[in-house]
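Heads up, the thing below is written out as structure tokens.
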Amino acid sequence: MAPSFDNLTEDNGTYDLEEEVDFSDLKEQYDVRLEQGLDAFVVADGLPIVPKESKPKLIKFLTKQLNKAGKVKEDGFVMPCNKQGMTEGYAFIEYHTPQQAIAATKQLHGTAIDKKHTFAINKLTDIERYGREGRIDDDYQPPYTPDFQEKEHLRWWLGDPNSRDQFVMLRGDNLGVFWNKKKDPPEQIIDRGNWTESHIMWSPLGTYLATMHSKGVQLWGGPSWTRQTRFPHPLVNLIEFSPGEKYITTWSFKPIEVAEDDPFLSPDEEGKNYIIWDVATGRVLRSFHMHDLPTPLESESGQPVKKKIPWPAFKWSSDDKYIARMLEGESISVYELPKMTQLDKKAIKIEGVTDFEWAPALPQRDSVKTYEQLFCFWTPEIGSNPAKVGLMSIPSKEIVRTRNLFNVTDAKLHWQSQAAYVCVKVDRHSKSKKSLATNLEIFRVREKGVPVEVVDSIKDTVINFAWEPKGDRFVLITTAEVVITTAVPPKTAVSFFCPEKIKGAGVGNFKHIQTIEKKNSNGIYWSPKGRFVVVGTVHSQQSFDLDFWDLDFEGEKPESEKDLTANLKHMNTADHYGVTDVDWDPTGRYVFSTASMWKHTMESGYHLYDFKGELLREEHIDKFKQLSWRPRPPTLLSKEEQKTIRKNLREYSKDFEEQDRIEEDKEKGAIVDERRRVLNEWLAWREREEEELKADRRELGLPETLDAEEEANTDGKAGGEGAVVEEIVEEVLDEIEEVA
Amino acid sequence: MRPILLQGHERSLTQIKYTKDGDILFSCAKDQVICAWFSANGERLGTYHGHQGALWTVDIDPSTTLLASGAADNTVRLWDIRTGKCVKVWNFDTAVKRVDFNEDGTQLLAVTEKRMGFLGTIVVLDVKVDVEAEQSDEKALVITCDESKATVAAWSYLSRYIIAGHEDGSVSQYDGKTGELIYSTPAHEDGMQVTDLQMSSDRTYFITASKDKSAKLHSARDLTLLKTYPSDTPLNTAAITPKKPFVILGGGQAAMDVTTTGARQGKFEARFYHKVFEDEIGRVKGHFGPLNTVAVDPLGRGYASGGEDGYVRVHAFDRGYFDFGYEVEREMGVAGGSGKY
């Protein structure tokens with residue numbers, strides 16, 4: 001008789017312990033796998049109720065479905081029956097691993113079994129934890145719904161009667177939001193200490209202010225600056241809003257570690273670096289791992305070259321509908337919001353892809369019926385294949401245009417803000433690879449067939465390029481020298497380009513307007529409304545000039561430029577020692593230039609200019625870190641309405657000037673009153689003090705004042721008058737001896 | 001306002017003092033020599049030799065008979081101004097950082113350094129205002145600063161109080177007779193040394209300068225804070241102008257950091273603030289090191305500044321200075337400078 005569990009326990013005492021008995025078969029049969037416990041079990045509810053006879057059939061059917069989430073153990077399906085020989089509508093299922101059990105609760109819970117039945121799948125341990133006797137109240141408790149609470153208007157700041165703009169300023173540990181008051185000290189709206197742990201960011205339409213914390217990101221808004229949402233991404237480093245501020249991407253260099261009972265993050269987020277969140281609900285939409293960075297390259301000297309982490313890795317389309325990420329050299333994955341599923345379930349293979357950029361607006365292409373989102377990408381030369389720039393339309397994945405390029409060292413993609421053009425700045429090397437020159441390949445996206453115009457008149461390397469927002473002109477900065485890290489900043493030249501005038505509609509060829517040589521400039525900052533541009537030298541110790549240019553100067557235009565759609569005029573040059581950043585306000589009226597202590601510690605603070613480059617205000621602030629204008633959402637006025645306003649500008653400005661004057665008078669009055677009060681206070685204090693001093697002196701038997709005392713002491717010997725000494729100084733300037 | 005440049009010292013200036021009539025000014029520097037100059041033309045009148053260490057401080061009695069000086073050689077010396085002879089040497093345990101005559105010249109206070117196990121003290125010495133007289137060796141009073149050492153001190157009106165500024169930024173008031181501590185206030189940011197303390201002409205209020213980048217005006221009677229003058233650089237010195245309601249502040253980036261910065265960021269300018277309105281009204285450039293000391297002519301005709309660069313610059317105020325006034329001041333008839341201030 002083979003030993004069985006029953007007789008084993010009974011006869012246990014009689015066995016000789018020394019005797020070798022093979023228990024391995026028993027062990028295998030009865031061993032309790034403690035390390036797995038009950039975690040691999042789930043309870044399936046909502047199953048069809050069938051008679052005993054059809055049970056095996058049902059089990060077979062259900063196992064098939066349940067195997068979608070993992071592998072159900074053989075004999076791991078237990079479906080109890082009641083006395084009537086009917087199943088009870090539930091079953092216990094054991095998976096091979098607890099992970100599969102968790103996956104089953106996630107994937108299969110709430111899914112349909114057939115037309116009438118729906119799975120309700122819970123972990124056995126959860127049923128144990130929440131459903132045990134006494135844990136559930138027998139009386140029905142209606143769920144608590146809090147009373148409706150009206151939220152504050154998130155765009156309240158746009159209702160300012162004077163249309164002032166707000167900005168946020170971080171200095172030291174204090175974060176404050178202010179109204180711009182032009183020449184006067186900015187009016188503080190709120191100031192909180194330790195409001196953020198690193199930097200701050202406005203959402204693209206200005207609705208939210210994002211603060212960064214080690215536990216995640218918080219969004220603030222409304223007139224009382226209450227917390228709107230938080231995104232608990234631990235150790236978050238960088239964030240990026242979608243253009244319509246519906247979603248937000250957060251990134252941490254350190255992979256996320258999800259604690260077991262984390263109320264916000266699910267085990268899915270474990271080990272991920274990126275999370276895409278829904279701003280309105282604060283929910284995680286999907287999380288991603290960081291792509292492994294290509295193994296560190298080694299430079300010629302054998303030093304490993306640190307690879308920069310590409311940011312933003314996830315790029316948003318202009319309508320918040322798509323987000324895409326590139327796997328360098330291989331493919332681009334496009335995800336559809338809000339489900340975050342990959343477009344057509346697979347990545348778009350583009351061999352060698354090095355960079356891509358979404359059109360910043362919906363491109364309105366000629367001869368296309370339905371406008372689609374567009375992105376531009378480029379691939380370098382691979383073997384004998386030329387480098388390529390392409391435009392792909394999403395979601396159709398149609399390649400709209402490609403262009404082959406040769407001898408390419410690097411390329412940068414610059415979209416114009418309305419997606420009318422994309423300029424590909426191509427750095428090309430000569431055959432010998434010794435000298436570099438830059439070509440601009442400008443794709444006219446709106447025109448039929450997307451014609452490409454090449455600007456190849458530039459001899460040097462272009463180090464910076466910027467389109468005029470909502471315009472068709474651009475500025476670029478070139479340098480002849482190869483950039484070597486020396487203390488002396490490289491000499492650069494600033495060039496302006498615009499289309500030439502043509503008859504009829506359309507835009508003419510791009511023509512060079514003017515080049516300013518021998519500058520040190522490296523930054524281009526266009527007014528968000530176009531026309532005005534600041535070209536400056538930032539991050540430099542030696543030079544720190546900011547040039548303010550007008551491209552539509554209303555004065556006389558030189559004859560030689562009559563064919564150009566621009567009239568360039570240098571308006572002003574400003575000096576801001578140690579300037580690190582330049583920021584235009586969203587209306588294009590004011591410019592801040594700032595020197596941040598993050599970059600250097602000298603003379604941190606800000607200057608405020610008007611668009612003409614006239615200094616309105618400067619302030620040195622210790623530990624000044626960051627300043628940022630609050631963006632504005634696009635205007636709600638139609639084109640016609642805007643046009644009427646522009647036409648009647650003179651009348652409006654009359655009102656505004658009047659208001660300014662009243663304000664000024666009022667302020668002046670207030671200041672004068674305050675001064676009068678302070679002065680009176682001081683004079684009164686002095687008078688009291690003098691009286692007291694006199695009294696004290698009388699008490700000591702001294703004359704009332706020190707002067708009187710001295711007078712008495714000297715007894716009028718010398719008299720108080722100082723003698724006037726006249727001094728004549730003769731100076732020989734030149735001596736010439738004349739010889740007769 | 002073209003200044004006269006006095007190039008008599010070989011090392012950085014530590015203090016400048018005008019005589020009561022403002023015709024002569026005395027300067028001392030770390031080069032161990034005191035210089036006397038005509039303030040009108042910058043001609044050097046003479047020098048006083050004898051100290052064996054860096055000179056920290058000088059003061060002149062109100063009758064311009066005696067000159068007192070304190071130095072790193074642990075002595076206070078008394079000199080006959082006219083002849084340049086040293087008439088008395090008092091020895092101490094540590095360096096002397098500040099000396100100040102009282103209103104009638106009968107007492108002199110000396111602030112000694114905390115070093116080598118000795119606590120900082122404020123010592124009062126009786127002085128006979130006579131070059132022939134035998135000066136007493138006796139110390140009339142010794143105040144020991146056991147909390148934070150005094151860095152500067154001065155006598156108040158009627159020699160009633162001794163006001164001291166401390167290393168920790170506090171200002172305290174001692175009884176001038178008994179040396180008892182009456183009151184102490186944390187005038188400046190904690191740990192930010194008070195670098196200068198100068199009395200108003202009637203000694204009823206005083207200005208303090210501090211490393212915390214601000215200068216403050218206090219009442220000598222009860223140490224009430226009257227005014228605050230914020231600046232953007234650590235301050236070494238502050239003075240109150242007579243006649244016109246201004247204060248002059250001087251400072252600049254700490255001397256040890258100067259070589260790494262240009263004059264531009266050093267902020268080596270004398271700054272003028274309106275005493276009552278607390279507004280900055282002007283700056284005077286010129287030094288290429290931080291300003292260590294500023295002194296104002298007691299008759300209000302000009303001021304002198306001494307810098308880390310070793311130069312003294314003597315400025316005569318011009319027409320614009322005297323004409324300057326706020327609308328409010330004109331309205332109330334105190335614009336041209338008035339006794340009322």
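Ligands are numbered from 1 in the order shown, residues from 1 within each chain, and chains are lettered A, B, ... in the order they appear in the structure tokens.
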Which residues are close to stretch 88-101 of chain B, i.e. within 6 Å by only C-alpha atoms, leaving aside same-chain residues fewer than 5 positions away? Reply as a short mmCIF file (atom, residue, chain, number, x, y, z; two decimals) with N, CA and C atoms, in the first residue's frame.
data_model
loop_
_atom_site.label_atom_id
_atom_site.label_comp_id
_atom_site.auth_asym_id
_atom_site.auth_seq_id
_atom_site.Cartn_x
_atom_site.Cartn_y
_atom_site.Cartn_z
N TRP B 56 44.25 101.52 13.47
CA TRP B 56 42.84 101.23 13.22
C TRP B 56 41.95 102.46 13.35
N THR B 57 42.38 103.44 14.19
CA THR B 57 41.42 104.48 14.52
C THR B 57 42.12 105.74 15.02
N ASP B 59 41.01 109.90 16.72
CA ASP B 59 39.99 110.90 17.05
C ASP B 59 40.69 112.14 17.58
N ASP B 61 40.26 115.76 19.95
CA ASP B 61 39.40 116.33 20.98
C ASP B 61 38.75 117.59 20.43
N GLY B 70 44.49 104.52 18.00
CA GLY B 70 44.54 103.14 18.48
C GLY B 70 45.07 102.26 17.37
N ALA B 71 45.87 101.24 17.74
CA ALA B 71 46.52 100.45 16.70
C ALA B 71 46.64 98.99 17.10
N ALA B 72 47.12 98.20 16.13
CA ALA B 72 47.29 96.78 16.33
C ALA B 72 48.50 96.47 17.22
N ASN B 74 48.61 97.17 20.20
CA ASN B 74 47.98 97.11 21.52
C ASN B 74 48.14 98.39 22.33
N THR B 75 48.26 99.52 21.64
CA THR B 75 48.39 100.77 22.39
C THR B 75 47.38 101.80 21.93
N VAL B 76 47.07 102.70 22.87
CA VAL B 76 46.38 103.94 22.51
C VAL B 76 47.40 105.04 22.76
N ARG B 77 47.59 105.90 21.79
CA ARG B 77 48.54 107.00 21.98
C ARG B 77 47.82 108.33 21.89
N LEU B 78 48.38 109.26 22.64
CA LEU B 78 47.84 110.62 22.64
C LEU B 78 48.94 111.51 22.09
N GLN B 107 37.04 112.67 28.39
CA GLN B 107 37.15 111.23 28.46
C GLN B 107 37.32 110.65 27.06
N LEU B 108 38.04 109.54 27.02
CA LEU B 108 38.30 108.88 25.76
C LEU B 108 37.91 107.42 25.94
N LEU B 109 37.14 106.88 24.99
CA LEU B 109 36.87 105.45 25.09
C LEU B 109 37.71 104.71 24.06
N ALA B 110 38.05 103.48 24.41
CA ALA B 110 38.83 102.64 23.49
C ALA B 110 38.20 101.26 23.45
N VAL B 111 38.02 100.75 22.24
CA VAL B 111 37.46 99.41 22.07
C VAL B 111 38.61 98.46 21.79
N THR B 112 38.74 97.42 22.62
CA THR B 112 39.84 96.48 22.39
C THR B 112 39.32 95.18 21.81
N GLU B 113 40.18 94.56 21.08
CA GLU B 113 39.86 93.34 20.33
C GLU B 113 39.79 92.14 21.27
N VAL B 152 32.70 98.62 17.35
CA VAL B 152 32.74 100.08 17.29
C VAL B 152 31.99 100.62 18.50
N ALA B 154 30.81 104.69 20.57
CA ALA B 154 30.87 106.15 20.58
C ALA B 154 30.12 106.67 21.79
#
Discussion item. With only C-alpha atoms considered, list every residue of chain B at most 9 Å from chain A, as a PyMOL selection string.
Written reply: chain B and resi 21+103+157-158+202+204+221+226+232+265+276-277+327-329+332+340-341
Worksheet item: Running DSSP on the backbone, which parts of stretch 72-256 of chain A land in strand (DSSP E or B), as an MDAnalysis selection string?
Response: chainID A and resid 72:78 81 86:87 90:95 112 118 120:123 166:171 174:179 187:193 200:202 209:213 216:221 226:231 238:241 247:251
Worksheet item: Within 6 Å of stretch 287-293 of chain A, counting only C-alpha atoms, which residues qualify if same-chain residues fewer than 6 places away don't, as a PyMOL selection string?
Response: chain A and resi 269+272-275
Worksheet item: Interatomic distance between atom CA of A:Lys562 and atom CA of A:Leu440?
Response: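 Between atom CA of A:Lys562 and atom CA of A:Leu440 the gap is 24.0 Å.
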Worksheet entry | Exercise: stretch 41-45 of chain A partners within 10 Å, only C-alpha atoms, chain neighbours under 2 positions left out, as a ChimeraX atom specification | /A:36-39,47-48,62,66,72,76-79,88-98,100-102,104-105,108-109,117-127
Discussion item. I want to know what sits within 6 Å of stretch 244-251 of chain B, based on only C-alpha atoms, with residues of the same chain fewer than 3 positions away left out; could you give that as a list in words?
Written reply: Pro234, Leu235, Asn236, Thr237, Ala238, Ala239, Ile240, Thr241, Ala270, Arg271, Phe272, Tyr273, His274, Lys275, Pro290, Leu291 and Gly337 of chain B
Keeping only C-alpha atoms, write the selected residues to a file as a compact mmCIF listing (two decimals), in the first residue's frame.
# COMPACT_ATOMS: atom_id res chain seq x y z
CA PRO B 234 28.17 94.96 2.43
CA LEU B 235 28.77 98.33 4.13
CA ASN B 236 31.93 99.39 5.93
CA THR B 237 31.02 102.89 6.90
CA ALA B 238 28.20 105.41 7.25
CA ALA B 239 28.11 109.10 8.12
CA ILE B 240 25.42 111.70 8.75
CA THR B 241 25.81 115.02 6.96
CA ALA B 270 29.84 106.37 -1.93
CA ARG B 271 26.05 106.36 -1.80
CA PHE B 272 23.97 109.30 -0.69
CA TYR B 273 20.58 108.66 0.84
CA HIS B 274 18.01 111.11 2.06
CA LYS B 275 18.10 110.84 5.82
CA PRO B 290 35.87 99.12 -1.16
CA LEU B 291 35.32 102.23 0.92
CA GLY B 337 19.11 122.62 4.92
Discussion item. At a cut-off of 9 Å, using only C-alpha atoms, what residues contact B:Ser63? Leave out same-chain residues fewer than 4 positions from it and give the result as a list in words.
Written reply: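 Selected residues are Thr19, Lys20, Asp104, Gly105 and Val129 of chain B.
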